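Text of start-v7.tsv, listed as TSV, C-alpha atoms:
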chain	number	residue	atom	x	y	z
Y	1	MET	CA	6.64	-25.48	8.73
Y	2	GLU	CA	5.39	-24.21	12.06
Y	3	GLU	CA	1.72	-23.24	12.21
Y	4	CYS	CA	0.07	-20.25	13.84
Y	5	LYS	CA	-3.59	-20.04	14.73
Y	6	VAL	CA	-4.94	-16.68	13.60
Y	7	LEU	CA	-8.11	-15.91	15.53
Y	8	ASP	CA	-11.26	-14.24	14.28
Y	9	LYS	CA	-11.47	-10.96	16.19
Y	10	LEU	CA	-9.51	-7.74	16.13
Y	11	PRO	CA	-12.01	-5.48	17.91
Y	12	LYS	CA	-10.10	-2.52	19.28
Y	13	GLY	CA	-6.64	-1.06	19.64
Y	14	GLU	CA	-3.99	1.45	18.66
Y	15	ILE	CA	-1.04	0.48	16.48
Y	16	VAL	CA	2.23	2.38	16.53
Y	17	VAL	CA	3.23	1.98	12.90
Y	18	PRO	CA	6.79	0.70	12.46
Y	19	PRO	CA	9.37	2.89	10.75
Y	20	SER	CA	9.38	2.91	6.96
Y	21	LYS	CA	11.50	0.10	5.58
Y	22	SER	CA	12.09	1.97	2.34
Y	23	ILE	CA	13.29	5.10	4.13
Y	24	SER	CA	15.34	3.08	6.64
Y	25	HIS	CA	17.33	1.47	3.80
Y	26	ARG	CA	18.04	4.87	2.33
Y	27	MET	CA	19.01	6.56	5.59
Y	28	VAL	CA	21.39	3.73	6.47
Y	29	ILE	CA	23.11	3.95	3.10
Y	30	CYS	CA	23.48	7.72	3.18
Y	31	GLN	CA	24.63	7.84	6.79
Y	32	MET	CA	27.21	5.12	6.27
Y	33	LEU	CA	28.51	6.73	3.07
Y	34	ALA	CA	28.94	9.87	5.19
Y	35	ASN	CA	30.83	7.91	7.88
Y	36	GLY	CA	28.10	9.00	10.26
Y	37	LYS	CA	26.62	7.16	13.24
Y	38	LEU	CA	23.63	4.91	12.86
Y	39	GLU	CA	22.43	6.02	16.28
Y	40	ASP	CA	21.83	9.43	14.70
Y	41	ILE	CA	19.03	7.83	12.68
Y	42	ALA	CA	16.06	8.06	15.03
Y	43	ASN	CA	13.35	5.40	14.74
Y	44	LEU	CA	15.46	3.19	12.47
Y	45	GLY	CA	13.84	-0.06	11.35
Y	46	THR	CA	15.13	-3.36	12.74
Y	47	SER	CA	13.82	-5.89	10.24
Y	48	ASN	CA	15.92	-8.59	8.56
Y	49	ASP	CA	16.10	-6.51	5.37
Y	50	ILE	CA	17.51	-3.47	7.18
Y	51	THR	CA	20.03	-5.66	9.00
Y	52	ALA	CA	21.19	-6.99	5.63
Y	53	THR	CA	21.74	-3.44	4.36
Y	54	ILE	CA	23.64	-2.40	7.50
Y	55	ASN	CA	25.90	-5.45	7.30
Y	56	GLY	CA	26.42	-5.00	3.57
Y	57	MET	CA	27.32	-1.33	3.89
Y	58	ASN	CA	29.73	-2.15	6.71
Y	59	THR	CA	31.48	-4.59	4.40
Y	60	ILE	CA	31.63	-2.11	1.51
Y	61	CYS	CA	32.85	0.78	3.66
Y	62	ASN	CA	35.67	-1.41	5.00
Y	63	SER	CA	36.43	-3.01	1.63
Y	64	LYS	CA	39.64	-1.08	1.04
Y	65	ASN	CA	41.14	-2.87	4.02
Y	66	ASN	CA	39.87	-6.31	3.00
Y	67	ASN	CA	40.90	-8.97	0.51
Y	68	ASP	CA	40.45	-8.57	-3.22
Y	69	ILE	CA	37.35	-10.79	-3.15
Y	70	ILE	CA	34.61	-9.59	-0.81
Y	71	THR	CA	31.34	-11.37	0.00
Y	72	ILE	CA	28.11	-9.60	0.92
Y	73	ASP	CA	25.08	-11.57	2.12
Y	74	CYS	CA	21.84	-9.85	1.09
Y	75	ASN	CA	19.66	-12.49	2.76
Y	76	GLU	CA	16.21	-12.05	1.12
Y	77	SER	CA	16.46	-8.32	0.48
Y	78	GLY	CA	16.12	-7.21	-3.13
Y	79	SER	CA	16.63	-3.61	-2.03
Y	80	THR	CA	19.96	-4.47	-0.41
Y	81	LEU	CA	21.17	-6.30	-3.50
Y	82	ARG	CA	20.15	-3.70	-6.05
Y	83	PHE	CA	21.17	-0.66	-3.98
Y	84	LEU	CA	24.58	-1.99	-2.96
Y	85	ILE	CA	25.91	-3.39	-6.24
Y	86	PRO	CA	26.73	-0.01	-7.85
Y	87	ILE	CA	27.83	1.48	-4.52
Y	88	ALA	CA	30.37	-1.32	-4.07
Y	89	ILE	CA	32.04	-0.81	-7.45
Y	90	ALA	CA	31.96	2.96	-7.04
Y	91	ILE	CA	33.96	2.70	-3.81
Y	92	SER	CA	36.35	-0.20	-4.45
Y	93	ASN	CA	37.90	-1.67	-7.55
Y	94	LYS	CA	37.60	-5.20	-6.22
Y	95	THR	CA	35.55	-8.30	-6.86
Y	96	PHE	CA	32.31	-8.46	-4.91
Y	97	ILE	CA	30.29	-11.63	-4.46
Y	98	PHE	CA	26.66	-11.01	-3.53
Y	99	THR	CA	24.88	-13.97	-1.96
Y	100	GLY	CA	21.38	-14.43	-0.57
Y	101	SER	CA	18.31	-16.62	-0.44
Y	102	GLU	CA	17.29	-18.87	-3.31
Y	103	LYS	CA	14.27	-16.68	-4.06
Y	104	LEU	CA	16.45	-13.58	-4.29
Y	105	PHE	CA	18.20	-15.07	-7.31
Y	106	GLU	CA	14.93	-15.33	-9.19
Y	107	ARG	CA	14.50	-11.56	-9.16
Y	108	PRO	CA	15.72	-9.78	-12.31
Y	109	LEU	CA	19.07	-8.01	-12.55
Y	110	SER	CA	19.02	-7.56	-16.31
Y	111	VAL	CA	19.20	-3.78	-16.01
Y	112	TYR	CA	22.62	-3.96	-14.35
Y	113	GLU	CA	23.75	-6.68	-16.74
Y	114	GLU	CA	23.07	-4.36	-19.68
Y	115	ILE	CA	24.61	-1.29	-18.06
Y	116	PHE	CA	27.75	-3.07	-16.92
Y	117	SER	CA	28.35	-4.76	-20.26
Y	118	GLU	CA	28.44	-1.30	-21.83
Y	119	ASN	CA	30.86	0.00	-19.19
Y	120	ASN	CA	33.51	-2.77	-19.07
Y	121	ILE	CA	32.34	-4.13	-15.74
Y	122	ASP	CA	32.24	-7.89	-15.37
Y	123	PHE	CA	28.91	-9.09	-14.01
Y	124	LYS	CA	27.86	-12.72	-13.92
Y	125	LYS	CA	25.51	-15.04	-12.14
Y	126	GLU	CA	26.60	-18.36	-10.73
Y	127	LYS	CA	24.68	-20.78	-8.54
Y	128	GLY	CA	23.77	-18.94	-5.36
Y	129	LYS	CA	25.72	-15.79	-6.10
Y	130	PHE	CA	26.21	-12.73	-8.27
Y	131	ILE	CA	29.79	-11.71	-9.01
Y	132	VAL	CA	30.72	-8.17	-10.03
Y	133	SER	CA	34.20	-6.79	-10.63
Y	134	GLY	CA	35.44	-3.59	-12.13
Y	135	SER	CA	35.17	0.09	-11.41
Y	136	LEU	CA	32.15	2.30	-11.96
Y	137	LYS	CA	33.16	5.32	-14.05
Y	138	PRO	CA	31.31	8.56	-14.86
Y	139	ASN	CA	29.15	8.14	-17.93
Y	140	LYS	CA	25.68	8.35	-19.42
Y	141	PHE	CA	23.67	5.41	-18.11
Y	142	TYR	CA	20.64	4.32	-20.12
Y	143	VAL	CA	18.20	2.57	-17.79
Y	144	LYS	CA	14.83	0.89	-18.28
Y	145	GLY	CA	12.29	2.42	-15.93
Y	146	ASP	CA	9.71	-0.36	-15.97
Y	147	VAL	CA	11.62	-3.23	-14.33
Y	148	SER	CA	12.37	-1.85	-10.86
Y	149	SER	CA	13.06	1.62	-9.53
Y	150	GLN	CA	15.71	0.05	-7.27
Y	151	PHE	CA	18.24	0.01	-10.13
Y	152	ILE	CA	17.83	3.75	-10.58
Y	153	SER	CA	18.13	4.36	-6.83
Y	154	GLY	CA	21.29	2.25	-6.68
Y	155	LEU	CA	22.91	4.38	-9.37
Y	156	LEU	CA	21.69	7.61	-7.77
Y	157	PHE	CA	23.42	6.66	-4.52
Y	158	ALA	CA	26.68	5.71	-6.25
Y	159	LEU	CA	27.24	8.20	-9.06
Y	160	PRO	CA	27.84	11.30	-6.87
Y	161	LEU	CA	30.87	9.47	-5.42
Y	162	LEU	CA	32.66	9.32	-8.79
Y	163	ASP	CA	35.30	11.78	-9.98
Y	164	GLY	CA	33.21	13.15	-12.84
Y	165	ASP	CA	29.66	14.02	-13.80
Y	166	SER	CA	27.13	11.41	-14.96
Y	167	GLU	CA	23.62	11.17	-16.33
Y	168	ILE	CA	20.85	8.64	-15.90
Y	169	ILE	CA	18.60	8.50	-18.95
Y	170	ILE	CA	15.33	6.58	-18.67
Y	171	THR	CA	14.53	4.64	-21.86
Y	172	THR	CA	11.01	3.37	-21.06
Y	173	LYS	CA	8.01	4.41	-19.03
Y	174	LEU	CA	9.09	5.13	-15.45
Y	175	GLU	CA	7.26	3.12	-12.79
Y	176	SER	CA	7.37	3.47	-8.98
Y	177	LYS	CA	8.61	7.05	-9.29
Y	178	GLU	CA	7.73	7.70	-5.65
Y	179	TYR	CA	10.50	5.34	-4.52
Y	180	ILE	CA	13.02	7.33	-6.54
Y	181	ASP	CA	11.69	10.49	-4.92
Y	182	LEU	CA	12.40	8.88	-1.52
Y	183	THR	CA	15.99	8.23	-2.61
Y	184	ILE	CA	16.56	11.77	-3.86
Y	185	ASP	CA	14.98	13.21	-0.70
Y	186	ALA	CA	17.24	11.09	1.53
Y	187	MET	CA	20.34	12.11	-0.41
Y	188	LYS	CA	19.37	15.76	-0.12
Y	189	GLN	CA	19.22	15.44	3.65
Y	190	PHE	CA	22.86	14.30	3.55
Y	191	ASN	CA	23.88	17.21	1.28
Y	192	VAL	CA	24.06	15.26	-2.00
Y	193	PHE	CA	22.02	16.57	-4.93
Y	194	VAL	CA	20.90	15.57	-8.39
Y	195	VAL	CA	19.28	17.65	-11.15
Y	196	LYS	CA	16.05	16.45	-12.74
Y	197	GLN	CA	15.96	16.43	-16.52
Y	198	THR	CA	13.20	15.62	-18.98
Y	199	ASN	CA	14.01	11.92	-19.16
Y	200	GLY	CA	16.29	11.36	-16.19
Y	201	TRP	CA	18.80	13.06	-13.91
Y	202	LYS	CA	22.17	14.74	-14.11
Y	203	ILE	CA	24.50	13.84	-11.25
Y	204	LYS	CA	27.51	15.96	-10.40
Y	205	GLY	CA	30.57	13.96	-9.32
Y	206	LYS	CA	32.94	14.48	-6.39
Y	207	GLN	CA	30.08	15.07	-3.96
Y	208	LYS	CA	30.41	14.00	-0.34
Y	209	TYR	CA	27.68	12.70	1.91
Y	210	LYS	CA	27.67	14.64	5.17
Y	211	PRO	CA	26.59	13.05	8.49
Y	212	THR	CA	23.31	14.32	9.85
Y	213	LYS	CA	20.63	13.48	12.39
Y	214	VAL	CA	17.45	12.22	10.76
Y	215	TYR	CA	14.14	10.61	11.71
Y	216	VAL	CA	12.44	7.69	9.94
Y	217	GLU	CA	8.70	8.24	9.66
Y	218	GLY	CA	6.06	5.52	9.94
Y	219	ASP	CA	5.66	3.05	7.08
Y	220	TYR	CA	2.53	3.35	4.92
Y	221	SER	CA	3.32	-0.05	3.39
Y	222	GLN	CA	2.91	-1.64	6.83
Y	223	ALA	CA	0.15	0.69	7.97
Y	224	ALA	CA	-1.86	-0.48	4.96
Y	225	PHE	CA	-2.76	-3.72	6.73
Y	226	TRP	CA	-4.23	-1.87	9.71
Y	227	LEU	CA	-5.89	0.79	7.56
Y	228	VAL	CA	-7.68	-1.92	5.61
Y	229	ALA	CA	-8.60	-3.66	8.87
Y	230	LYS	CA	-10.21	-0.39	10.00
Y	231	ALA	CA	-11.98	0.08	6.66
Y	232	LEU	CA	-13.46	-3.40	7.09
Y	233	GLY	CA	-15.02	-2.41	10.40
Y	234	ASN	CA	-12.32	-3.22	12.96
Y	235	ASP	CA	-11.86	-0.56	15.62
Y	236	VAL	CA	-8.13	-0.01	15.17
Y	237	SER	CA	-6.15	3.18	14.60
Y	238	CYS	CA	-2.60	3.98	13.48
Y	239	VAL	CA	-0.11	6.27	15.19
Y	240	GLY	CA	3.14	7.55	13.70
Y	241	LEU	CA	2.18	8.31	10.11
Y	242	ASN	CA	3.23	11.50	8.36
Y	243	SER	CA	0.19	12.95	6.59
Y	244	ASN	CA	2.55	14.89	4.29
Y	245	SER	CA	4.66	11.85	3.42
Y	246	ILE	CA	5.94	11.30	-0.12
Y	247	GLN	CA	5.81	7.52	0.33
Y	248	GLY	CA	4.07	6.00	-2.68
Y	249	ASP	CA	2.13	3.52	-0.57
Y	250	LYS	CA	0.29	6.39	1.07
Y	251	GLU	CA	-1.98	5.71	-1.92
Y	252	ILE	CA	-3.72	3.06	0.24
Y	253	ILE	CA	-5.78	5.91	1.73
Y	254	ASN	CA	-7.08	6.90	-1.70
Y	255	VAL	CA	-7.79	3.26	-2.55
Y	256	ILE	CA	-9.89	2.87	0.57
Y	257	ASN	CA	-11.65	6.18	-0.01
Y	258	GLN	CA	-12.61	5.12	-3.55
Y	259	ALA	CA	-14.88	2.46	-2.11
Y	260	THR	CA	-16.65	4.98	0.16
Y	261	ASN	CA	-18.89	3.82	2.99
Y	262	LYS	CA	-20.99	1.73	0.61
Y	263	LEU	CA	-18.04	-0.54	-0.22
Y	264	ASN	CA	-18.42	0.04	-3.95
Y	265	PRO	CA	-16.29	-1.97	-6.40
Y	266	ILE	CA	-13.07	-0.26	-7.51
Y	267	VAL	CA	-10.32	-0.52	-10.12
Y	268	VAL	CA	-6.76	-0.11	-8.83
Y	269	ASP	CA	-3.70	0.47	-11.01
Y	270	ALA	CA	-0.76	-1.31	-9.34
Y	271	THR	CA	1.94	0.31	-11.47
Y	272	ASN	CA	3.32	2.44	-8.65
Y	273	ILE	CA	2.07	0.45	-5.63
Y	274	PRO	CA	3.08	-3.19	-6.20
Y	275	ASP	CA	3.58	-3.91	-2.49
Y	276	LEU	CA	-0.05	-3.05	-1.74
Y	277	VAL	CA	-1.53	-5.66	-4.08
Y	278	PRO	CA	-2.03	-8.48	-1.51
Y	279	ILE	CA	-3.82	-6.37	1.07
Y	280	ILE	CA	-5.88	-4.54	-1.57
Y	281	THR	CA	-6.99	-7.95	-2.84
Y	282	VAL	CA	-8.18	-8.78	0.68
Y	283	PHE	CA	-10.05	-5.47	0.81
Y	284	MET	CA	-11.75	-6.19	-2.51
Y	285	CYS	CA	-13.09	-9.51	-1.21
Y	286	PHE	CA	-15.49	-7.53	0.97
Y	287	LEU	CA	-16.58	-4.94	-1.59
Y	288	ASN	CA	-19.81	-5.15	-3.54
Y	289	GLY	CA	-19.64	-6.33	-7.13
Y	290	THR	CA	-16.50	-6.92	-9.17
Y	291	SER	CA	-13.25	-5.06	-8.50
Y	292	LYS	CA	-10.00	-5.19	-10.48
Y	293	ILE	CA	-6.28	-4.77	-9.94
Y	294	ILE	CA	-4.51	-3.92	-13.22
Y	295	ASN	CA	-0.90	-3.44	-14.42
Y	296	ALA	CA	0.41	-5.81	-11.77
Y	297	SER	CA	2.76	-8.12	-13.68
Y	298	ARG	CA	5.80	-6.95	-11.66
Y	299	VAL	CA	4.12	-8.27	-8.53
Y	300	ARG	CA	5.01	-11.76	-9.73
Y	301	LEU	CA	8.70	-10.95	-9.19
Y	302	LYS	CA	8.57	-10.24	-5.46
Y	303	GLU	CA	9.30	-12.58	-2.54
Y	304	SER	CA	6.66	-14.80	-4.10
Y	305	ASP	CA	4.57	-14.62	-7.23
Y	306	ARG	CA	2.12	-12.48	-5.29
Y	307	LEU	CA	-0.66	-12.56	-7.86
Y	308	HIS	CA	-0.69	-16.34	-7.77
Y	309	ALA	CA	0.01	-16.64	-4.03
Y	310	ILE	CA	-2.76	-14.35	-2.80
Y	311	THR	CA	-5.23	-15.80	-5.32
Y	312	THR	CA	-4.44	-19.36	-4.27
Y	313	GLU	CA	-4.74	-18.72	-0.54
Y	314	LEU	CA	-7.87	-16.57	-0.66
Y	315	LYS	CA	-9.60	-19.17	-2.82
Y	316	LYS	CA	-8.99	-21.67	-0.02
Y	317	LEU	CA	-11.16	-19.40	2.14
Y	318	GLY	CA	-13.98	-19.17	-0.40
Y	319	ALA	CA	-12.98	-16.04	-2.31
Y	320	GLU	CA	-13.81	-15.81	-6.01
Y	321	ILE	CA	-10.80	-14.38	-7.86
Y	322	GLU	CA	-9.70	-14.58	-11.48
Y	323	GLU	CA	-5.94	-14.48	-12.00
Y	324	LEU	CA	-4.78	-13.00	-15.31
Y	325	PRO	CA	-1.18	-12.45	-16.49
Y	326	ASP	CA	-1.01	-8.86	-15.21
Y	327	SER	CA	-4.19	-8.41	-13.21
Y	328	LEU	CA	-6.72	-9.81	-10.76
Y	329	ILE	CA	-10.50	-9.74	-10.96
Y	330	VAL	CA	-12.14	-10.05	-7.54
Y	331	HIS	CA	-15.82	-10.87	-7.20
Y	332	GLY	CA	-16.66	-9.43	-3.81
Y	333	ASN	CA	-18.98	-10.23	-0.94
Y	334	LYS	CA	-18.78	-13.99	-1.27
Y	335	LYS	CA	-19.26	-16.13	1.80
Y	336	LEU	CA	-15.82	-16.78	3.26
Y	337	HIS	CA	-14.83	-19.49	5.71
Y	338	GLY	CA	-11.81	-20.68	7.66
Y	339	GLY	CA	-9.14	-23.12	6.59
Y	340	ASN	CA	-5.43	-23.83	6.34
Y	341	VAL	CA	-3.42	-21.26	4.40
Y	342	ASP	CA	0.24	-20.63	3.63
Y	343	ALA	CA	2.31	-17.44	3.50
Y	344	TRP	CA	4.56	-18.63	0.65
Y	345	ASN	CA	7.49	-17.34	2.73
Y	346	ASP	CA	6.26	-13.84	1.89
Y	347	HIS	CA	5.75	-11.27	4.63
Y	348	ARG	CA	3.02	-9.37	2.79
Y	349	ILE	CA	1.03	-12.51	2.06
Y	350	ALA	CA	1.24	-13.49	5.74
Y	351	MET	CA	0.04	-10.12	7.01
Y	352	SER	CA	-2.75	-9.92	4.43
Y	353	LEU	CA	-4.08	-13.31	5.51
Y	354	ALA	CA	-3.97	-12.18	9.13
Y	355	ILE	CA	-6.21	-9.21	8.32
Y	356	ILE	CA	-8.77	-11.27	6.41
Y	357	SER	CA	-9.06	-13.53	9.44
Y	358	THR	CA	-10.60	-10.64	11.38
Y	359	LYS	CA	-13.70	-10.85	9.17
Y	360	ILE	CA	-14.08	-14.64	9.20
Y	361	PHE	CA	-15.63	-16.34	12.20
Y	362	ASP	CA	-14.07	-19.72	11.52
Y	363	GLU	CA	-10.51	-20.51	12.52
Y	364	ILE	CA	-7.66	-19.92	10.09
Y	365	LYS	CA	-4.32	-21.71	10.46
Y	366	LEU	CA	-1.45	-19.92	8.81
Y	367	SER	CA	1.81	-21.66	7.88
Y	368	GLY	CA	4.91	-19.55	7.42
Y	369	TYR	CA	3.76	-16.80	9.74
Y	370	ASP	CA	7.34	-15.99	10.78
Y	371	SER	CA	8.07	-14.57	7.30
Y	372	VAL	CA	6.98	-11.18	8.71
Y	373	LYS	CA	10.49	-10.85	10.18
Y	374	LYS	CA	11.62	-9.67	6.78
Y	375	SER	CA	9.90	-6.29	7.15
Y	376	TYR	CA	7.73	-6.12	10.29
Y	377	PRO	CA	9.14	-8.37	13.04
Y	378	THR	CA	6.69	-7.08	15.67
Y	379	PHE	CA	3.59	-7.67	13.53
Y	380	TRP	CA	2.31	-10.65	15.53
Y	381	ASN	CA	2.92	-8.82	18.81
Y	382	ASP	CA	0.81	-5.94	17.50
Y	383	PHE	CA	-1.83	-8.34	16.23
Y	384	GLU	CA	-2.08	-10.09	19.60
Y	385	LYS	CA	-2.19	-6.74	21.39
Y	386	VAL	CA	-5.35	-5.61	19.63
Y	387	LYS	CA	-7.10	-8.99	19.51
Y	388	LYS	CA	-9.92	-9.87	21.87
Is it possible to give me this structure as structure tokens?
Amino acid sequence: MEECKVLDKLPKGEIVVPPSKSISHRMVICQMLANGKLEDIANLGTSNDITATINGMNTICNSKNNNDIITIDCNESGSTLRFLIPIAIAISNKTFIFTGSEKLFERPLSVYEEIFSENNIDFKKEKGKFIVSGSLKPNKFYVKGDVSSQFISGLLFALPLLDGDSEIIITTKLESKEYIDLTIDAMKQFNVFVVKQTNGWKIKGKQKYKPTKVYVEGDYSQAAFWLVAKALGNDVSCVGLNSNSIQGDKEIINVINQATNKLNPIVVDATNIPDLVPIITVFMCFLNGTSKIINASRVRLKESDRLHAITTELKKLGAEIEELPDSLIVHGNKKLHGGNVDAWNDHRIAMSLAIISTKIFDEIKLSGYDSVKKSYPTFWNDFEKVKK
């Protein structure tokens, strides 16, 4: 794989934070369900994941005019796959084949398998594809809340389109609630509403998404890399963030503040911020004493096994990290050095390794640097812009 030399200085600069990927997915889905124009979504993201959602929604929205078997390529986007499956069978009573990268098929879909088996919808996995056929009908849907919030969001998008009322009932502890809040907020902007209940939501049927003009705010998940760079002493600043945002990954500010100016050790619960784990691990390498990331088992089911990936690569640079089944223990302030590292084809691993390079005076060579195209295609341009 092609190599990129990541240099050792990031002394000064201003970063215009890219639009939120999470919100971009949601605005695209709502706007296209409303038959609105994508150009009415200001500051829309342009990453590979967003392109997959746009293409997939185009296919679904035109499915009534297509053949009985319809293929949707989700590329590497778990959001696209999990959001679009229930939308497809809510709109068209046809057979949909969802394809994508090899890694995508390692991510769990058991929640849909259970729901669909209870609702006479055929759902099966074959090599390199998921096949779903049947029609989504109004019902009570019992959903586990501790696998991925994306299943709940997918149902929330789809159920208002049905000809009757439905309920989503959460059967376990709900994790990543903030992502569900983003979904409900996006739907509300397109005039579709749900009612919160004690253990779920009631969704009125026969609702219609209405086209509207919206703006996608800056992405705290991506800003996290630059915010940590600043906390580690680099003179960088971020532009384009909404201080009143409901994005869950805004929590990175609280994580940084926990350490205070003395860089004290911290304990971070990853339950609701799984995407922040790689860059928080980098941050912890420079704190005093021993820091911990807990409740992070779901992080193993991302584009890579992120607990193992970030541990493996940081150890190559001299970090002292203990990897446990659902947590990491980071012994900070060890002497770090350069070396050859790999991104594991994971955008967040690549960007985290870029940030740690700003605090190491030796050269780091990063393989797989182009994986950032998945979420932040201009990352390396921004990195070069603020380097010495």
When you look at Ile355 of chain Y with a cut-off of 9 Å (counting all atoms listed in the file), what residues show up, excluding the ones that are within fewer than 4 positions of it in the same chain? I need them as a ChimeraX atom specification. /Y:10,225-226,228-229,279,282,350-351,359
Between Y:Ser24, Y:Asn93, Y:Ser304, Y:Asn43, single out the one closest to Ser371 of chain Y, counting all atoms listed in the file. Y:Ser304
Interatomic distance between atom CA of Leu336 of chain Y and atom CA of Leu301 of chain Y?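 Distance reported for this atom pair: 28.1 Å.
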Can you tell me, as a VMD selection string, what residues are no more than 8 Å from segment 209-215 of chain Y when counting all atoms listed in the file, ignoring any on the same chain fewer than 5 positions away? chain Y and resid 27 30 to 31 33 to 37 40 to 44 187 189 to 192
Hey, can you check how far atom CA of Gln207 of chain Y sits from atom CA of Pro160 of chain Y?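 Separation of atom CA of Gln207 of chain Y and atom CA of Pro160 of chain Y: 5.3 Å.
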From Y:Ser92, Y:Thr46, Y:Thr311, Y:Ser291, residue lying nearest Ser63 of chain Y [all atoms listed in the file]: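 Ranking Y:Ser92, Y:Thr46, Y:Thr311, Y:Ser291 by distance to Ser63 of chain Y, first place goes to Y:Ser92.
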Residue nearest Leu263 of chain Y among Y:Gly248, Y:Ala231, Y:Ser237, Y:Glu175 (counting all atoms listed in the file):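 Answer, going by the shortest atom-to-atom distance: Y:Ala231.
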Let me know the centre plus edge lengths, in Å and rounded to one decimal, of a box with edges along x, y and z that contains all listed atoms of segment 229-232 of chain Y and is padded by 6 Å on every side, as JSON.
{"center_x": -11.0, "center_y": -1.8, "center_z": 8.3, "size_x": 16.9, "size_y": 15.7, "size_z": 15.3}
Which residues are close to segment 120-124 of chain Y, i.e. within 6 Å by only C-alpha atoms, leaving aside same-chain residues fewer than 6 positions away? Reply as a PyMOL selection string. chain Y and resi 130-134
Given all atoms listed in the file as the basis, pick out the residue of Y:Val268, Y:Val330, Y:Ala186, Y:Val147 nearest to Met284 of chain Y.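 Comparing Y:Val268, Y:Val330, Y:Ala186, Y:Val147 against Met284 of chain Y, the winner is Y:Val330.
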One decimal, Å: what's the distance from atom CA of Ser176 of chain Y over to atom CA of Ser149 of chain Y, could you say?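 Computed distance, atom CA of Ser176 of chain Y to atom CA of Ser149 of chain Y, equals 6.0 Å.
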